[in-house]
Amino acid sequence: MKPTLIVALDVPSAAAVENLVTMLPPAVTHYKVGLELFISDGPAALDVLARHDKRVFLDLKLHDIPRQVARAVTAASRHRVALLTVHAAGGRAMLEAAAEAARSAGRNRPKIVAVTTLTCLDEKDLRDIGVTRGVAEQTAAMGRLALDAGIDGLVCSPLEIKDFRHNIGTGPILVTPGVRPAGAPRGDQKRVATPSEAVRDGSNYLVVGRPILQADRPAAAAEAMLREIETSPRDAQQGGKHDDP
């Protein structure tokens, strides 16, 4: 499968979702619904995307006791969510419960992807919360834990894609936030790369929000991002195939 753009709907309401989806090109097939939007309007935001036949990346970063996370995964499957995030730091039992709940959803099975280390964190931030490993080592350890527990893939910054692909092979999904066009502001992301770099190293899904939503011409910005993803060369050793969620 070719690399796919996910537009992050970092907006406050389902009404804003309707406006954006009709504004952006039809070739944008995947959209991310995160905490602000889901807490604001909940499943109503998912319903808007379903009406437009779009795929949903529900980015709630679930991190709770195993039973609660499993029940949340089951609930998400009822809304035909394509991708759903959990925190790898929730531990093996929680990750295994999420993976089992997804498998039990049958044809509505969401793919579960684990957040390894938030892209806004650097080594100083990790030290502040008591993690003595460096970013690269911590991210790799969390990734191994998640995949060993049966999770479908990982969320990682662009700077970790290449190492992950080298270590885990072509099968697991890699979802990459922190993607910015060359010269674009970093915002609160500390570990970023361009779409071409992310594609080259083996990302399956590139998550882009502000560079599109805050552009003077969002549709044109999305078109440019789609073109760059489509035309970027991919390292033959990094690219892989997976089922389209």
# chains A, B, ... in the order shown; residues from 1 in each chain; ligands from 1
$ select_by_dssp --residues "range 50-109 of chain A" --states "helix (DSSP H, G or I)" --output "MDAnalysis selection string"
chainID A and resid 50:51 66:78 88:90 92:103 106:108
$ closest_atom_pairs --of "range 102-183 of chain A" --to "range 18-39 of chain A" --cutoff "12 Å" --atoms "only C-alpha atoms" --output "tab-separated table"
residue	atom	partner	partner_atom	distance
A:Val175	CA	A:Lys32	CA	11.3
A:Thr176	CA	A:Lys32	CA	12.0
A:Pro177	CA	A:Lys32	CA	10.7
$ write_last_selection --atoms "N, CA and C atoms" --output "PDB file, in the first residue's frame"
ATOM      1  N   VAL A 175       2.687   4.966  11.989  1.00  0.00           N
ATOM      2  CA  VAL A 175       1.935   6.205  11.866  1.00  0.00           C
ATOM      3  C   VAL A 175       2.816   7.334  12.380  1.00  0.00           C
ATOM      4  N   THR A 176       2.943   8.388  11.578  1.00  0.00           N
ATOM      5  CA  THR A 176       3.952   9.406  11.862  1.00  0.00           C
ATOM      6  C   THR A 176       3.355  10.806  11.982  1.00  0.00           C
ATOM      7  N   PRO A 177       3.212  11.312  13.212  1.00  0.00           N
ATOM      8  CA  PRO A 177       2.924  12.742  13.385  1.00  0.00           C
ATOM      9  C   PRO A 177       4.226  13.533  13.260  1.00  0.00           C
TER      10      PRO A 177
END
$ atom_distance --atom1 "CA of Leu226 in chain A" --atom2 "CA of Cys156 in chain A"
20.4 Å
$ closest_atom_pairs --of "range 87-126 of chain A" --to "range 43-67 of chain A" --cutoff "9 Å" --atoms "only C-alpha atoms" --output "Markdown table"
| residue | atom | partner | partner_atom | distance |
| --- | --- | --- | --- | --- |
| A:His87 | CA | A:Lys61 | CA | 5.4 |
| A:Ala88 | CA | A:His63 | CA | 8.2 |
| A:Ala89 | CA | A:His63 | CA | 7.6 |
| A:Gly90 | CA | A:His63 | CA | 5.3 |
| A:Gly91 | CA | A:His63 | CA | 8.9 |
| A:Ala93 | CA | A:Pro66 | CA | 6.2 |
| A:Met94 | CA | A:Pro66 | CA | 4.1 |
| A:Leu95 | CA | A:Pro66 | CA | 7.5 |
| A:Glu96 | CA | A:Pro66 | CA | 8.1 |
| A:Ala97 | CA | A:Pro66 | CA | 5.6 |
| A:Ala98 | CA | A:Pro66 | CA | 7.3 |
| A:Ala114 | CA | A:Lys61 | CA | 7.8 |
| A:Val115 | CA | A:Lys61 | CA | 7.0 |
$ write_last_selection --atoms "N, CA and C atoms" --output "CSV table (one decimal), in the first residue's frame"
chain,number,residue,atom,x,y,z
A,87,HIS,N,-1.6,3.9,24.6
A,87,HIS,CA,-0.2,4.2,25.1
A,87,HIS,C,0.5,3.0,25.4
A,88,ALA,N,1.7,2.8,24.8
A,88,ALA,CA,2.5,1.6,25.1
A,88,ALA,C,2.9,1.6,26.5
A,89,ALA,N,3.0,2.7,27.2
A,89,ALA,CA,3.3,2.8,28.6
A,89,ALA,C,2.3,2.2,29.5
A,90,GLY,N,1.1,1.9,28.9
A,90,GLY,CA,0.1,1.2,29.7
A,90,GLY,C,0.4,-0.2,30.2
A,91,GLY,N,1.5,-0.8,29.6
A,91,GLY,CA,1.9,-2.1,30.0
A,91,GLY,C,1.4,-3.2,29.2
A,93,ALA,N,-0.2,-6.1,29.9
A,93,ALA,CA,-1.5,-6.6,30.1
A,93,ALA,C,-2.6,-5.7,29.4
A,94,MET,N,-2.4,-4.4,29.5
A,94,MET,CA,-3.3,-3.5,28.8
A,94,MET,C,-3.2,-3.6,27.3
A,95,LEU,N,-2.0,-3.7,26.8
A,95,LEU,CA,-1.8,-3.8,25.3
A,95,LEU,C,-2.4,-5.1,24.8
A,96,GLU,N,-2.2,-6.2,25.5
A,96,GLU,CA,-2.8,-7.5,25.1
A,96,GLU,C,-4.3,-7.4,25.1
A,97,ALA,N,-4.9,-6.8,26.1
A,97,ALA,CA,-6.3,-6.6,26.2
A,97,ALA,C,-6.9,-5.8,25.0
A,98,ALA,N,-6.2,-4.8,24.7
A,98,ALA,CA,-6.6,-4.0,23.5
A,98,ALA,C,-6.5,-4.8,22.2
A,114,ALA,N,0.2,1.8,18.8
A,114,ALA,CA,0.7,2.3,20.2
A,114,ALA,C,1.6,3.5,20.1
A,115,VAL,N,1.3,4.5,20.9
A,115,VAL,CA,2.2,5.6,21.0
A,115,VAL,C,3.4,5.2,21.9
$ closest_residue --among "A:Ala219, A:Leu147, A:Ala102, A:Val155" --to "Arg71 in chain A" --atoms "only C-alpha atoms"
A:Ala102
$ residues_around --residues "range 104-106 of chain A" --least-positions-apart "6" --cutoff "12 Å" --atoms "only C-alpha atoms" --output "ChimeraX atom specification"
/A:70-82,97-98,112
$ write_last_selection --atoms "C-alpha atoms" --output "compact mmCIF listing (two decimals), in the first residue's frame"
# COMPACT_ATOMS: atom_id res chain seq x y z
CA ALA A 70 -10.65 -3.36 26.08
CA ARG A 71 -14.18 -2.01 26.48
CA ALA A 72 -13.17 1.28 24.84
CA VAL A 73 -11.71 -0.62 21.88
CA THR A 74 -14.95 -2.57 21.53
CA ALA A 75 -16.96 0.66 21.63
CA ALA A 76 -14.74 2.24 18.97
CA SER A 77 -15.25 -0.75 16.70
CA ARG A 78 -18.99 -0.06 16.66
CA HIS A 79 -18.21 3.27 14.98
CA ARG A 80 -16.11 1.55 12.29
CA VAL A 81 -12.93 3.31 13.39
CA ALA A 82 -10.01 2.32 11.14
CA ALA A 97 -6.34 -6.63 26.20
CA ALA A 98 -6.59 -3.96 23.50
CA ILE A 112 -4.47 -0.66 17.12
$ select_by_dssp --residues "range 7-150 of chain A" --states "strand (DSSP E)" --output "list of chain:residue names"
A:Val7, A:Ala8, A:His30, A:Tyr31, A:Lys32, A:Val33, A:Arg55, A:Val56, A:Phe57, A:Leu58, A:Asp59, A:Leu60, A:Lys61, A:Leu62, A:Leu83, A:Leu84, A:Thr85, A:Val86, A:His87, A:Lys111, A:Ile112, A:Val113, A:Ala114, A:Val115
$ residues_around --residues "Asp148 in chain A" --least-positions-apart "4" --cutoff "10 Å" --atoms "only C-alpha atoms" --output "mmCIF file with N, CA and C atoms, in the first residue's frame"
data_model
loop_
_atom_site.group_PDB
_atom_site.id
_atom_site.type_symbol
_atom_site.label_atom_id
_atom_site.label_comp_id
_atom_site.auth_asym_id
_atom_site.auth_seq_id
_atom_site.Cartn_x
_atom_site.Cartn_y
_atom_site.Cartn_z
ATOM 1 N N ARG A 92 2.076 -4.372 29.365
ATOM 2 C CA ARG A 92 1.782 -5.540 28.539
ATOM 3 C C ARG A 92 0.327 -6.005 28.664
ATOM 4 N N LEU A 95 -1.999 -3.709 26.785
ATOM 5 C CA LEU A 95 -1.809 -3.834 25.343
ATOM 6 C C LEU A 95 -2.418 -5.130 24.818
ATOM 7 N N GLU A 96 -2.220 -6.203 25.536
ATOM 8 C CA GLU A 96 -2.795 -7.489 25.114
ATOM 9 C C GLU A 96 -4.321 -7.432 25.138
ATOM 10 N N MET A 142 9.563 0.706 24.074
ATOM 11 C CA MET A 142 8.105 0.753 24.066
ATOM 12 C C MET A 142 7.538 0.103 22.805
ATOM 13 N N GLY A 143 8.220 0.293 21.685
ATOM 14 C CA GLY A 143 7.778 -0.324 20.442
ATOM 15 C C GLY A 143 7.847 -1.836 20.494
ATOM 16 N N ARG A 144 8.942 -2.364 21.022
ATOM 17 C CA ARG A 144 9.081 -3.825 21.145
ATOM 18 C C ARG A 144 7.998 -4.397 22.055
ATOM 19 N N ASP A 152 -0.947 -3.800 16.352
ATOM 20 C CA ASP A 152 -0.753 -3.802 14.897
ATOM 21 C C ASP A 152 0.367 -2.898 14.415
#
$ atom_distance --atom1 "CA of Ser13 in chain A" --atom2 "CA of Val179 in chain A"
23.8 Å
$ decode --residues "range 206-235 of chain A" --atoms "C-alpha atoms" --output "short mmCIF file (atom, residue, chain, number, x, y, z; two decimals), in the first residue's frame"
data_model
loop_
_atom_site.label_atom_id
_atom_site.label_comp_id
_atom_site.auth_asym_id
_atom_site.auth_seq_id
_atom_site.Cartn_x
_atom_site.Cartn_y
_atom_site.Cartn_z
CA LEU A 206 1.65 10.70 7.69
CA VAL A 207 -0.40 12.82 10.08
CA VAL A 208 -0.55 16.51 9.18
CA GLY A 209 -2.67 19.16 10.88
CA ARG A 210 -1.63 22.78 11.19
CA PRO A 211 0.36 23.03 7.91
CA ILE A 212 -2.94 22.30 6.14
CA LEU A 213 -5.60 23.68 8.47
CA GLN A 214 -3.80 26.97 9.11
CA ALA A 215 -2.70 27.52 5.52
CA ASP A 216 -4.09 30.49 3.60
CA ARG A 217 -5.47 27.95 1.12
CA PRO A 218 -6.02 24.65 2.94
CA ALA A 219 -7.13 22.75 -0.16
CA ALA A 220 -4.00 23.79 -2.06
CA ALA A 221 -1.82 22.88 0.92
CA ALA A 222 -3.43 19.42 1.07
CA GLU A 223 -2.96 18.95 -2.67
CA ALA A 224 0.72 19.84 -2.37
CA MET A 225 1.13 17.39 0.51
CA LEU A 226 -0.58 14.62 -1.46
CA ARG A 227 1.68 15.26 -4.46
CA GLU A 228 4.81 15.16 -2.35
CA ILE A 229 3.74 11.90 -0.71
CA GLU A 230 2.82 10.36 -4.06
CA THR A 231 6.06 11.29 -5.81
CA SER A 232 8.54 10.73 -2.99
CA PRO A 233 10.90 7.76 -3.50
CA ARG A 234 10.73 5.03 -0.91
CA ASP A 235 13.70 2.99 0.24
#
